[in-house]
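Undergrad: The structure follows.
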Amino acid sequence: MSSPLRPLGTSDLHVFPLALGGNVFGWSADEQQSFAVLDAYAAAGGNFLDTADVYSEWAEGNEGGESETIIGRWMAARGNRSDVVVATKVGHHSRFKGLAATTIKAGVEESLRRLGTDHIDLYYTHFDDESVPVEEIVTALDQLVKDGKVRAVAASNISPERLRASLDFAEAEGLTRYVALQPEYNLVAREKYEGPLLDTAAGAGLAAVPYYGLAAGFLTGKYRPGRTVESVRARGASAHAGTARGQAVLAALDEVAEAHGAEPATVALAWLASRPTVAAPIASARTVEQVPALVAVADLKLTDGELARLTAASERA
């Protein structure tokens, strides 16, 4: 991959333009498969890993933290901790629910232990907790940075109003402010981010690191009407297949992908990477074979006309 690393907002972190999602590690990908995927991503120049303390608590037999543990073991085995930007999250694990200062403090210690490291590069509040004042959350996160346990902080699943209040408080008090935002954002889900949330992020210089960059796999092109795909994500991805918007987007993806000899997934990620504020979309891979289409986004340059074609298709009712 020839593309240089990108600065992440106003932080001193520099990341590959595709963040590898760790939600599948310890769930649909066992440790051996996960190591192979991580190796393939790193070999392509990738350095940005996204996980959370809750991954994958939902799977039978799991208690949460499996993804962090696998990533920690991989970094230890490869001796590459200094080459990797690790992002994880707090606030959604059943034992560390919410964003009270005590919860944040306890949650980070568990994540550090599982990751086998003394610091986390980017630490997100996973879901906002409106029962806790932004002053308490921001102050707790600032202390983690002061203690050297976290390098930069970010937010996910937060309203524009709470985001603005958090930024304003941090600035007024001279505390660590958010540098990034992780919204749900892709070609078939634009409404949650575009608008006040994007405007707030852009105005504050925040980088967006969108999750569901491939709409749970729908934008890979595998999920089409009448086609059955064996996957734990099939139900979510297939929900878009029968919609007019979904069909319009797939048609545009097919057209642009053919012009470049690229995969639809690569084109979908390239569109997302071109959007205002976006530094690196997140996408996950269960197998090594799925990695090339993801990392290829680093070298795929779409024309203005192609970007407009995809944007128009995604706006069709």
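How things are named: the first chain in the structure tokens is A, the next is B, and so on; residues count from 1 in each chain; ligands count from 1 in the order shown.
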Identify, on the basis of only C-alpha atoms, every residue whose closest approach to Thr266 of chain A does not exceed 12 Å; exclude the query and any residue fewer than 2 positions from it along the same chain; express the result as a PyMOL selection string.
TA: chain A and resi 17-18+213-214+217+219-221+253-254+256-258+260-264+268-273+281+283+290-302
Undergrad: Please provide as a PDB file with C-alpha atoms, in the first residue's frame all residues within 12 Å of Glu171 of chain A, with the sequence filter that same-chain residues fewer than 4 positions apart are discarded (counting only C-alpha atoms).
TA:
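Final output, saved to out_23.pdb:
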```
ATOM      1  CA  GLU A 135     -18.348  17.405  33.288  1.00  0.00           C
ATOM      2  CA  VAL A 138     -14.704  14.626  30.511  1.00  0.00           C
ATOM      3  CA  THR A 139     -12.879  15.010  33.824  1.00  0.00           C
ATOM      4  CA  ASP A 142      -8.777  13.728  31.206  1.00  0.00           C
ATOM      5  CA  ARG A 164     -20.935  20.176  21.878  1.00  0.00           C
ATOM      6  CA  ALA A 165     -21.343  20.418  25.664  1.00  0.00           C
ATOM      7  CA  SER A 166     -18.432  18.015  26.194  1.00  0.00           C
ATOM      8  CA  LEU A 167     -16.167  19.964  23.871  1.00  0.00           C
ATOM      9  CA  LEU A 175      -9.014  19.491  29.848  1.00  0.00           C
ATOM     10  CA  THR A 176      -8.438  16.799  27.254  1.00  0.00           C
ATOM     11  CA  ARG A 177     -11.027  17.109  24.499  1.00  0.00           C
ATOM     12  CA  TYR A 178     -12.374  14.549  22.092  1.00  0.00           C
ATOM     13  CA  ALA A 204     -14.325  21.169  16.207  1.00  0.00           C
TER      14      ALA A 204
END
```
Undergrad: For the atom pair atom CA of Arg224 of chain A and atom CA of Glu315 of chain A, what is the interatomic distance in Å to one decimal place?
TA: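 Pair atom CA of Arg224 of chain A / atom CA of Glu315 of chain A returns 19.2 Å.
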Undergrad: For a quick check of understanding, using only C-alpha atoms, which of A:Gly21, A:Pro276, A:Pro4, A:Gly203 has the smallest distance to Ser67 of chain A?
TA: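 Looking only at the distances to Ser67 of chain A, the closest residue turns out to be A:Gly21.
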Undergrad: Kindly give the distance, in Å, that separates atom CA of Asn47 of chain A and atom CA of Lys89 of chain A, rounded to a single decimal.
TA: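 Distance between the two atoms: 17.5 Å.
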Undergrad: Between A:Lys105, A:Arg73, A:His126, A:Arg113, which one has atoms that come closest to His93 of chain A, using only C-alpha atoms?
TA: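 Answer, going by the shortest atom-to-atom distance: A:His126.
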Undergrad: Which polymer residues have any atom within 12 Å of an atom of Val84 of chain A, counting only C-alpha atoms, with same-chain residues fewer than 2 positions away left out, as a CSV table (one decimal) with N, CA, C and O atoms, in the first residue's frame?
TA:
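part-v6.csv, written as the output of this step:
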```csv
chain,number,residue,atom,x,y,z
A,5,LEU,N,0.0,7.3,6.1
A,5,LEU,CA,-1.0,7.3,7.2
A,5,LEU,C,-1.6,8.7,7.3
A,5,LEU,O,-1.0,9.7,6.9
A,13,LEU,N,-1.9,11.1,16.7
A,13,LEU,CA,-2.0,9.7,16.1
A,13,LEU,C,-2.1,9.8,14.6
A,13,LEU,O,-2.8,10.7,14.0
A,14,HIS,N,-1.4,8.9,13.9
A,14,HIS,CA,-1.5,8.8,12.5
A,14,HIS,C,-1.9,7.3,12.1
A,14,HIS,O,-1.3,6.4,12.6
A,15,VAL,N,-3.0,7.2,11.3
A,15,VAL,CA,-3.6,5.9,11.1
A,15,VAL,C,-3.8,5.6,9.6
A,15,VAL,O,-3.9,6.5,8.8
A,16,PHE,N,-3.8,4.3,9.4
A,16,PHE,CA,-4.1,3.8,8.0
A,16,PHE,C,-5.5,4.1,7.7
A,16,PHE,O,-6.4,4.2,8.6
A,19,ALA,N,-9.7,1.3,9.3
A,19,ALA,CA,-9.5,0.7,10.6
A,19,ALA,C,-10.1,-0.7,10.6
A,19,ALA,O,-11.2,-1.0,10.1
A,20,LEU,N,-9.3,-1.7,11.1
A,20,LEU,CA,-9.8,-3.1,11.1
A,20,LEU,C,-10.7,-3.3,12.4
A,20,LEU,O,-10.2,-3.1,13.5
A,38,LEU,N,-5.2,-10.4,11.3
A,38,LEU,CA,-4.4,-9.3,11.8
A,38,LEU,C,-3.1,-9.3,11.1
A,38,LEU,O,-2.6,-8.2,10.7
A,39,ASP,N,-2.5,-10.4,10.8
A,39,ASP,CA,-1.2,-10.5,10.1
A,39,ASP,C,-1.4,-9.9,8.7
A,39,ASP,O,-0.5,-9.2,8.2
A,41,TYR,N,-3.6,-7.8,7.5
A,41,TYR,CA,-3.9,-6.4,7.6
A,41,TYR,C,-2.6,-5.6,7.9
A,41,TYR,O,-2.3,-4.6,7.2
A,42,ALA,N,-1.8,-6.1,8.8
A,42,ALA,CA,-0.5,-5.4,9.1
A,42,ALA,C,0.4,-5.5,7.9
A,42,ALA,O,1.2,-4.5,7.6
A,45,GLY,N,0.1,-2.8,5.5
A,45,GLY,CA,0.4,-1.5,6.0
A,45,GLY,C,-0.6,-1.0,7.0
A,45,GLY,O,-0.4,0.2,7.5
A,46,GLY,N,-1.5,-1.8,7.4
A,46,GLY,CA,-2.6,-1.4,8.3
A,46,GLY,C,-2.0,-1.3,9.8
A,46,GLY,O,-1.2,-2.1,10.2
A,47,ASN,N,-2.5,-0.3,10.5
A,47,ASN,CA,-2.0,-0.1,11.9
A,47,ASN,C,-3.1,0.3,12.9
A,47,ASN,O,-2.8,0.6,14.0
A,48,PHE,N,-4.3,0.4,12.4
A,48,PHE,CA,-5.4,0.9,13.2
A,48,PHE,C,-6.4,-0.1,13.6
A,48,PHE,O,-7.2,-0.6,12.7
A,49,LEU,N,-6.5,-0.6,14.8
A,49,LEU,CA,-7.3,-1.6,15.3
A,49,LEU,C,-8.5,-1.0,16.2
A,49,LEU,O,-8.2,-0.3,17.1
A,50,ASP,N,-9.7,-1.4,15.9
A,50,ASP,CA,-10.8,-1.0,16.6
A,50,ASP,C,-11.5,-2.1,17.4
A,50,ASP,O,-11.9,-3.1,16.8
A,71,ILE,N,-6.3,-9.5,20.6
A,71,ILE,CA,-5.5,-8.5,20.0
A,71,ILE,C,-4.2,-8.3,20.9
A,71,ILE,O,-3.1,-8.2,20.4
A,72,GLY,N,-4.4,-8.4,22.2
A,72,GLY,CA,-3.3,-8.3,23.1
A,72,GLY,C,-2.3,-9.5,22.9
A,72,GLY,O,-1.1,-9.2,22.9
A,74,TRP,N,-1.9,-11.2,20.2
A,74,TRP,CA,-1.3,-11.0,18.9
A,74,TRP,C,-0.1,-10.0,18.9
A,74,TRP,O,0.9,-10.3,18.4
A,75,MET,N,-0.4,-8.9,19.6
A,75,MET,CA,0.7,-7.9,19.7
A,75,MET,C,1.9,-8.4,20.5
A,75,MET,O,3.0,-8.1,20.1
A,76,ALA,N,1.6,-9.2,21.5
A,76,ALA,CA,2.7,-9.8,22.3
A,76,ALA,C,3.5,-10.8,21.4
A,76,ALA,O,4.7,-10.8,21.5
A,78,ARG,N,3.8,-10.9,18.2
A,78,ARG,CA,4.5,-10.2,17.1
A,78,ARG,C,5.5,-9.1,17.5
A,78,ARG,O,6.2,-8.6,16.7
A,79,GLY,N,5.4,-8.7,18.8
A,79,GLY,CA,6.3,-7.7,19.3
A,79,GLY,C,6.1,-6.4,18.6
A,79,GLY,O,7.1,-5.7,18.4
A,80,ASN,N,4.9,-6.0,18.3
A,80,ASN,CA,4.6,-4.8,17.4
A,80,ASN,C,3.8,-3.8,18.1
A,80,ASN,O,3.2,-2.9,17.4
A,81,ARG,N,3.7,-3.8,19.4
A,81,ARG,CA,2.8,-2.8,20.1
A,81,ARG,C,3.1,-1.4,19.7
A,81,ARG,O,2.1,-0.6,19.5
A,82,SER,N,4.3,-1.0,19.5
A,82,SER,CA,4.6,0.4,19.1
A,82,SER,C,4.2,0.8,17.7
A,82,SER,O,4.1,1.9,17.4
A,86,VAL,N,-4.2,1.3,18.9
A,86,VAL,CA,-5.3,0.5,19.4
A,86,VAL,C,-6.4,1.4,20.0
A,86,VAL,O,-6.1,2.3,20.8
A,87,ALA,N,-7.6,1.2,19.4
A,87,ALA,CA,-8.7,2.0,19.9
A,87,ALA,C,-9.7,1.0,20.6
A,87,ALA,O,-10.0,-0.1,20.0
A,115,LEU,N,-5.5,-6.3,27.0
A,115,LEU,CA,-4.6,-5.9,25.8
A,115,LEU,C,-3.1,-6.1,26.1
A,115,LEU,O,-2.3,-6.1,25.2
A,117,THR,N,-1.0,-4.2,27.7
A,117,THR,CA,-0.3,-2.9,27.4
A,117,THR,C,-0.4,-1.9,28.6
A,117,THR,O,-1.3,-2.1,29.5
A,119,HIS,N,-0.8,1.4,27.9
A,119,HIS,CA,-1.6,2.5,27.4
A,119,HIS,C,-2.5,2.1,26.3
A,119,HIS,O,-2.2,1.2,25.5
A,120,ILE,N,-3.6,2.8,26.2
A,120,ILE,CA,-4.5,2.7,25.0
A,120,ILE,C,-4.4,4.0,24.2
A,120,ILE,O,-4.4,5.1,24.7
A,121,ASP,N,-4.3,3.8,22.9
A,121,ASP,CA,-4.0,5.0,22.0
A,121,ASP,C,-5.3,5.8,21.9
A,121,ASP,O,-5.2,7.1,21.9
A,122,LEU,N,-6.4,5.2,21.7
A,122,LEU,CA,-7.7,6.0,21.5
A,122,LEU,C,-8.8,5.3,22.3
A,122,LEU,O,-9.1,4.2,22.1
```
Undergrad: Quick one: everything within 8 Å of Ala100 of chain A, counting only C-alpha atoms, minus sequence neighbours fewer than 4 positions away in the same chain. Send it as JSON, numbers by chain.
TA: {"A": [104, 132, 136, 137]}
Undergrad: Go ahead and dump the residues you just picked, C-alpha atoms, as an mmCIF file, in the first residue's frame.
TA:
```
data_model
loop_
_atom_site.group_PDB
_atom_site.id
_atom_site.type_symbol
_atom_site.label_atom_id
_atom_site.label_comp_id
_atom_site.auth_asym_id
_atom_site.auth_seq_id
_atom_site.Cartn_x
_atom_site.Cartn_y
_atom_site.Cartn_z
ATOM 1 C CA ILE A 104 -14.538 4.540 33.393
ATOM 2 C CA VAL A 132 -23.950 11.395 34.003
ATOM 3 C CA GLU A 136 -17.863 14.117 35.137
ATOM 4 C CA ILE A 137 -17.167 12.138 31.964
#
```
Undergrad: Could you write out, as a ChimeraX atom specification, all the residues of segment 158-234 of chain A that DSSP marks as alpha helix (DSSP H)?
TA: /A:160-173,196-204,234
Undergrad: Could you please write out, as a ChimeraX atom specification, every residue of segment 115-317 of chain A that DSSP assigns to strand (DSSP E or B)?
TA: /A:120-125,150-156,180-182,184,186,189,207-208,211,278,282-283
Undergrad: Would you save the residues of that selection, restricted to C-alpha atoms, as a PDB file, in the first residue's frame?
TA:
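Final output, saved to part_29.pdb:
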```
ATOM      1  CA  ILE A 120      -4.529   2.706  25.032  1.00  0.00           C
ATOM      2  CA  ASP A 121      -4.035   4.957  22.012  1.00  0.00           C
ATOM      3  CA  LEU A 122      -7.653   5.995  21.493  1.00  0.00           C
ATOM      4  CA  TYR A 123     -10.335   5.503  24.155  1.00  0.00           C
ATOM      5  CA  TYR A 124     -14.007   5.918  23.250  1.00  0.00           C
ATOM      6  CA  THR A 125     -17.110   6.340  25.323  1.00  0.00           C
ATOM      7  CA  VAL A 150      -4.748   6.809  27.412  1.00  0.00           C
ATOM      8  CA  ARG A 151      -3.226   8.943  24.636  1.00  0.00           C
ATOM      9  CA  ALA A 152      -6.404  10.418  23.131  1.00  0.00           C
ATOM     10  CA  VAL A 153     -10.142  10.261  23.775  1.00  0.00           C
ATOM     11  CA  ALA A 154     -13.164  10.023  21.517  1.00  0.00           C
ATOM     12  CA  ALA A 155     -16.926   9.510  21.564  1.00  0.00           C
ATOM     13  CA  SER A 156     -19.359   7.144  19.868  1.00  0.00           C
ATOM     14  CA  ALA A 180     -12.579  11.697  17.084  1.00  0.00           C
ATOM     15  CA  LEU A 181     -16.137  10.508  16.717  1.00  0.00           C
ATOM     16  CA  GLN A 182     -17.402   7.047  15.789  1.00  0.00           C
ATOM     17  CA  GLU A 184     -22.848   4.789  12.192  1.00  0.00           C
ATOM     18  CA  ASN A 186     -22.330   4.272   5.203  1.00  0.00           C
ATOM     19  CA  ALA A 189     -27.205   4.886   6.486  1.00  0.00           C
ATOM     20  CA  ALA A 207     -12.046  12.969  12.790  1.00  0.00           C
ATOM     21  CA  ALA A 208     -14.846  10.542  12.010  1.00  0.00           C
ATOM     22  CA  TYR A 211     -18.703   1.949  12.120  1.00  0.00           C
ATOM     23  CA  VAL A 278     -13.859  10.855   7.692  1.00  0.00           C
ATOM     24  CA  ILE A 282     -14.096   0.644  10.094  1.00  0.00           C
ATOM     25  CA  ALA A 283     -14.616  -2.752   8.484  1.00  0.00           C
TER      26      ALA A 283
END
```
